[in-house]
Structures are given as structure tokens and as C-alpha cells.
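Below: one structure, written as C-alpha cells.
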Amino acid sequence: MDMEKTGKFIARCRKDAGLTQAVLAEKLGITDRAVSKWETGRSLPDASLMLELCGILGISVNELLTGEKIEMENYKEMAEQNLAELTRVERDKNKKLGRAQTFIGLSGVVVSLFTIVCGALIAVDNPGVSIALVFFGGAMILADALYATVLEHESGYYECQNCKHRHVPSTRAVMLAIHVGSDRILRCPACARKGWHKKVLNR
Ligand SMILES: [Zn+2]
């Protein structure tokens, strides 16, 4: 996927449709800065806006991602390439989030345990400070676990082990779910059963 090519293509189609950046932005309910960023290849339109944008410009999502009009005989091949590319971009983003989660989780636990151990060691001489340190360490572990869970929730999907349906449950459902590692017991919206869900990076 060539974002610059896609950007130039958006600009060309917009001008062909007789629209200014401001008018296009208004139709989509976004800022003209966002349109300018697409057209200079600095960002891609969000997936949620792509269909509407393509509707306005009279092109297909496939053509948008390819950055040019596509002949009918090449259509399927280009569609598959573009889909594979989008999937790869999404998986990379999710992998990064996953690594951040592991790092924050581990470093947070180490620092918290260190604080608690220090607190315990000075208990005889400084009981007040000791209690404060142990309490603070405990609170840090909790906050850390909470943050790691939020990050886990944001990266990828949960796959129902009963029907293989993949979905993103609410943050609340994830936080309250019993889990081992990132496998959690959740209710599946497809088969309505409550059971183990495995963490996966792609839909
Ligand atoms: Zn299911």
C-alpha cells in the first residue's frame, strides 16, 4: 500500500468531484486538516470513514487503497492484496501494544514487590513508614494490573473456543473476567455460551 499514491488519488478524485478540502471535510464531519493529511500521504482515512468517503468520490475502497482506478480483470487480485496489507498493518499495531503490555506489567510488578519488601524490612524501626510502603506497593500492583488489562483489551480480539467467533468485549467484561494469562472466561455474543476465549491478534 502506497499512502502517498492513495493521497494523490483522493486529491484528484475530490477535484474531479468539484469539492474543496473544506467541503469534503464537512460532508464527512471531520476537520479539513484530516483531509489534508490523507492527501499528502501522512495518514489513511479510518476504516469507519472509508465507505462514506468512497461513496462521495465515486470510487471503490479497493481503488482508494490501490491509489488508482482498477480495470475489472485485475479487481479481485488487487482486492486480495489490499486486504492482506490492511491485515498486516493491524497485526503490527497489535503486536506493539502486546509488547508494551508485557513490559508495563512486568516492570510494574517488580517495582511494586521491591517497595513492599523494603516496607517489610524496615517494619521494626519505622512501623508507620513500613505500612505506607506496603500499602503503596499493593496499590501500584493493582493500578498496574488494571492498566495492563486495558492495553490487552485494546490489542486484538478474543476467540470463543466453542464456536471460534472472534469479538471485542466491553472493557468492563474483560476486567471482571477470570483469566489465566490473556485467556479469559467471557460470554460469546455469537453462541451465547460462557467459556474460555483465547487472545488472537486478527479478526
Ligand atoms: Zn461462541
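Simple scheme: letters A, B, ... for chains in C-alpha cells order, numbers from 1 for residues in each chain, numbers from 1 for ligands in the order shown.
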
Contacts between ligand 1 and chain A, please, where a residue of chain A counts if it comes within 10 Å (with only C-alpha atoms and all ligand atoms); show its shortest atom pair and distance in Å to one decimal, rows by chain and ascending number, as JSON lines.
{"residue": "A:Glu159", "atom": "CA", "partner": "ligand 1", "partner_atom_place_in_ligand_line": "1 (Zn)", "distance": 7.8}
{"residue": "A:Cys160", "atom": "CA", "partner": "ligand 1", "partner_atom_place_in_ligand_line": "1 (Zn)", "distance": 4.6}
{"residue": "A:Gln161", "atom": "CA", "partner": "ligand 1", "partner_atom_place_in_ligand_line": "1 (Zn)", "distance": 6.7}
{"residue": "A:Asn162", "atom": "CA", "partner": "ligand 1", "partner_atom_place_in_ligand_line": "1 (Zn)", "distance": 5.0}
{"residue": "A:Cys163", "atom": "CA", "partner": "ligand 1", "partner_atom_place_in_ligand_line": "1 (Zn)", "distance": 4.1}
{"residue": "A:Lys164", "atom": "CA", "partner": "ligand 1", "partner_atom_place_in_ligand_line": "1 (Zn)", "distance": 6.0}
{"residue": "A:His165", "atom": "CA", "partner": "ligand 1", "partner_atom_place_in_ligand_line": "1 (Zn)", "distance": 5.4}
{"residue": "A:Arg166", "atom": "CA", "partner": "ligand 1", "partner_atom_place_in_ligand_line": "1 (Zn)", "distance": 8.1}
{"residue": "A:His167", "atom": "CA", "partner": "ligand 1", "partner_atom_place_in_ligand_line": "1 (Zn)", "distance": 9.5}
{"residue": "A:Leu186", "atom": "CA", "partner": "ligand 1", "partner_atom_place_in_ligand_line": "1 (Zn)", "distance": 9.5}
{"residue": "A:Arg187", "atom": "CA", "partner": "ligand 1", "partner_atom_place_in_ligand_line": "1 (Zn)", "distance": 7.7}
{"residue": "A:Cys188", "atom": "CA", "partner": "ligand 1", "partner_atom_place_in_ligand_line": "1 (Zn)", "distance": 4.5}
{"residue": "A:Pro189", "atom": "CA", "partner": "ligand 1", "partner_atom_place_in_ligand_line": "1 (Zn)", "distance": 6.6}
{"residue": "A:Ala190", "atom": "CA", "partner": "ligand 1", "partner_atom_place_in_ligand_line": "1 (Zn)", "distance": 5.1}
{"residue": "A:Cys191", "atom": "CA", "partner": "ligand 1", "partner_atom_place_in_ligand_line": "1 (Zn)", "distance": 4.1}
{"residue": "A:Ala192", "atom": "CA", "partner": "ligand 1", "partner_atom_place_in_ligand_line": "1 (Zn)", "distance": 6.2}
{"residue": "A:Arg193", "atom": "CA", "partner": "ligand 1", "partner_atom_place_in_ligand_line": "1 (Zn)", "distance": 6.0}
{"residue": "A:Lys194", "atom": "CA", "partner": "ligand 1", "partner_atom_place_in_ligand_line": "1 (Zn)", "distance": 8.0}
{"residue": "A:Gly195", "atom": "CA", "partner": "ligand 1", "partner_atom_place_in_ligand_line": "1 (Zn)", "distance": 8.1}
{"residue": "A:Trp196", "atom": "CA", "partner": "ligand 1", "partner_atom_place_in_ligand_line": "1 (Zn)", "distance": 9.4}
{"residue": "A:His197", "atom": "CA", "partner": "ligand 1", "partner_atom_place_in_ligand_line": "1 (Zn)", "distance": 8.7}

If we count only C-alpha atoms and set the cut-off at 12 Å, which residues sit around Met78 of chain A, ignoring sequence neighbours fewer than 6 positions away in its own chain? Please answer as a tab-separated table (two decimals) with N, CA, C and O atoms, in the first residue's frame.
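Dumped everything to out.tsv:
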chain	number	residue	atom	x	y	z
A	1	MET	N	0.84	-1.20	0.00
A	1	MET	CA	0.00	0.00	0.00
A	1	MET	C	0.88	1.25	0.00
A	1	MET	O	1.80	1.35	0.80
A	60	SER	N	-14.26	2.82	-5.45
A	60	SER	CA	-14.41	1.70	-4.51
A	60	SER	C	-13.30	1.78	-3.46
A	60	SER	O	-12.28	2.44	-3.68
A	61	VAL	N	-13.50	1.13	-2.33
A	61	VAL	CA	-12.48	1.10	-1.28
A	61	VAL	C	-11.19	0.49	-1.84
A	61	VAL	O	-10.08	0.93	-1.54
A	62	ASN	N	-11.39	-0.51	-2.68
A	62	ASN	CA	-10.26	-1.17	-3.32
A	62	ASN	C	-9.43	-0.18	-4.14
A	62	ASN	O	-8.20	-0.17	-4.08
A	63	GLU	N	-10.10	0.68	-4.88
A	63	GLU	CA	-9.40	1.68	-5.69
A	63	GLU	C	-8.72	2.71	-4.80
A	63	GLU	O	-7.59	3.14	-5.06
A	64	LEU	N	-9.41	3.07	-3.72
A	64	LEU	CA	-8.83	4.03	-2.77
A	64	LEU	C	-7.50	3.51	-2.23
A	64	LEU	O	-6.49	4.21	-2.20
A	65	LEU	N	-7.49	2.23	-1.82
A	65	LEU	CA	-6.29	1.65	-1.22
A	65	LEU	C	-5.19	1.42	-2.26
A	65	LEU	O	-4.01	1.50	-1.95
A	66	THR	N	-5.61	1.15	-3.50
A	66	THR	CA	-4.62	0.94	-4.55
A	66	THR	C	-4.08	2.28	-5.06
A	66	THR	O	-2.94	2.38	-5.52
A	67	GLY	N	-4.91	3.32	-4.96
A	67	GLY	CA	-4.48	4.64	-5.41
A	67	GLY	C	-4.69	4.89	-6.88
A	67	GLY	O	-4.07	5.77	-7.47
A	68	GLU	N	-5.56	4.08	-7.52
A	68	GLU	CA	-5.88	4.33	-8.93
A	68	GLU	C	-7.14	3.56	-9.31
A	68	GLU	O	-7.56	2.65	-8.60
A	69	LYS	N	-7.70	3.94	-10.44
A	69	LYS	CA	-8.84	3.20	-10.99
A	69	LYS	C	-8.36	1.81	-11.40
A	69	LYS	O	-7.25	1.66	-11.90
A	70	ILE	N	-9.19	0.80	-11.11
A	70	ILE	CA	-8.77	-0.58	-11.40
A	70	ILE	C	-9.64	-1.17	-12.49
A	70	ILE	O	-10.86	-1.06	-12.46
A	71	GLU	N	-8.97	-1.80	-13.47
A	71	GLU	CA	-9.70	-2.49	-14.52
A	71	GLU	C	-10.38	-3.71	-13.93
A	71	GLU	O	-9.86	-4.33	-12.99
A	72	MET	N	-11.51	-4.07	-14.49
A	72	MET	CA	-12.31	-5.16	-13.94
A	72	MET	C	-11.51	-6.46	-13.80
A	72	MET	O	-11.62	-7.16	-12.80
A	84	ALA	N	-4.84	-8.08	2.48
A	84	ALA	CA	-3.70	-8.68	3.18
A	84	ALA	C	-2.85	-7.59	3.84
A	84	ALA	O	-2.40	-7.71	4.97
A	85	GLU	N	-2.67	-6.49	3.10
A	85	GLU	CA	-1.86	-5.38	3.61
A	85	GLU	C	-2.50	-4.73	4.83
A	85	GLU	O	-1.85	-4.48	5.84

* Structure fact -> Expressed in Å, the length from atom CA of Ser130 of chain A to atom CA of Leu142 of chain A is 18.6 Å

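Looking only at chain A, the set that DSSP places in strand (DSSP E or B) from backbone geometry is Tyr157, Tyr158, Glu159, Cys160, Arg166, His167, His179, Val180, Asp183, Arg184, Ile185, Leu186, Arg187, Lys194, Gly195, Trp196, His197, Lys198, Lys199 and Val200 of chain A.
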
Filtering to N, CA and C atoms, could you give me those residues as a short mmCIF file (atom, residue, chain, number, x, y, z; two decimals), in the first residue's frame?
data_model
loop_
_atom_site.label_atom_id
_atom_site.label_comp_id
_atom_site.auth_asym_id
_atom_site.auth_seq_id
_atom_site.Cartn_x
_atom_site.Cartn_y
_atom_site.Cartn_z
N TYR A 157 -8.35 -9.45 19.44
CA TYR A 157 -9.69 -9.96 19.64
C TYR A 157 -9.67 -11.15 20.58
N TYR A 158 -10.85 -11.54 21.08
CA TYR A 158 -10.97 -12.75 21.88
C TYR A 158 -11.73 -13.78 21.07
N GLU A 159 -11.17 -14.99 20.98
CA GLU A 159 -11.80 -16.03 20.17
C GLU A 159 -12.51 -17.04 21.06
N CYS A 160 -13.82 -17.20 20.84
CA CYS A 160 -14.61 -18.19 21.57
C CYS A 160 -14.10 -19.58 21.23
N ARG A 166 -14.83 -14.50 16.76
CA ARG A 166 -13.87 -13.55 17.34
C ARG A 166 -14.55 -12.21 17.59
N HIS A 167 -14.38 -11.65 18.77
CA HIS A 167 -15.05 -10.39 19.08
C HIS A 167 -14.25 -9.59 20.11
N HIS A 179 -9.21 -15.07 34.47
CA HIS A 179 -8.27 -15.29 33.37
C HIS A 179 -7.02 -16.03 33.82
N VAL A 180 -6.40 -16.69 32.83
CA VAL A 180 -5.08 -17.28 33.02
C VAL A 180 -4.24 -16.71 31.89
N ASP A 183 -5.87 -15.50 28.36
CA ASP A 183 -7.07 -16.28 28.07
C ASP A 183 -8.10 -15.99 29.15
N ARG A 184 -9.33 -15.68 28.73
CA ARG A 184 -10.33 -15.27 29.70
C ARG A 184 -11.65 -16.02 29.52
N ILE A 185 -12.39 -16.12 30.63
CA ILE A 185 -13.74 -16.68 30.56
C ILE A 185 -14.71 -15.53 30.27
N LEU A 186 -15.31 -15.57 29.08
CA LEU A 186 -16.21 -14.49 28.65
C LEU A 186 -17.49 -15.10 28.05
N ARG A 187 -18.53 -14.24 27.93
CA ARG A 187 -19.72 -14.72 27.24
C ARG A 187 -19.58 -14.40 25.77
N LYS A 194 -20.94 -19.16 27.87
CA LYS A 194 -19.87 -18.59 28.67
C LYS A 194 -18.75 -19.61 28.72
N GLY A 195 -17.56 -19.22 28.27
CA GLY A 195 -16.46 -20.18 28.26
C GLY A 195 -15.15 -19.51 27.96
N TRP A 196 -14.10 -20.31 27.82
CA TRP A 196 -12.76 -19.77 27.60
C TRP A 196 -12.66 -19.10 26.24
N HIS A 197 -12.03 -17.92 26.23
CA HIS A 197 -11.72 -17.21 24.99
C HIS A 197 -10.22 -17.05 24.92
N LYS A 198 -9.69 -17.31 23.73
CA LYS A 198 -8.25 -17.15 23.53
C LYS A 198 -7.98 -15.80 22.90
N LYS A 199 -6.87 -15.17 23.32
CA LYS A 199 -6.49 -13.89 22.74
C LYS A 199 -5.88 -14.11 21.35
N VAL A 200 -6.42 -13.42 20.33
CA VAL A 200 -5.84 -13.51 19.00
C VAL A 200 -5.63 -12.11 18.46
#

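Nearest-residue note for Asp16 of chain A: choosing from A:Asp46, A:Thr40, A:Asn94, A:Ile56, the minimum distance belongs to A:Ile56, counting only C-alpha atoms.
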
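In this structure, atom CA of Lys5 of chain A sits 8.8 Å away from atom CA of Glu39 of chain A.
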
* Structure fact -> Residue with the minimum atom-to-atom distance to Leu83 of chain A, picked from A:Ala47, A:Ala145, A:Leu28, A:Val124 with only C-alpha atoms counted, is A:Ala47
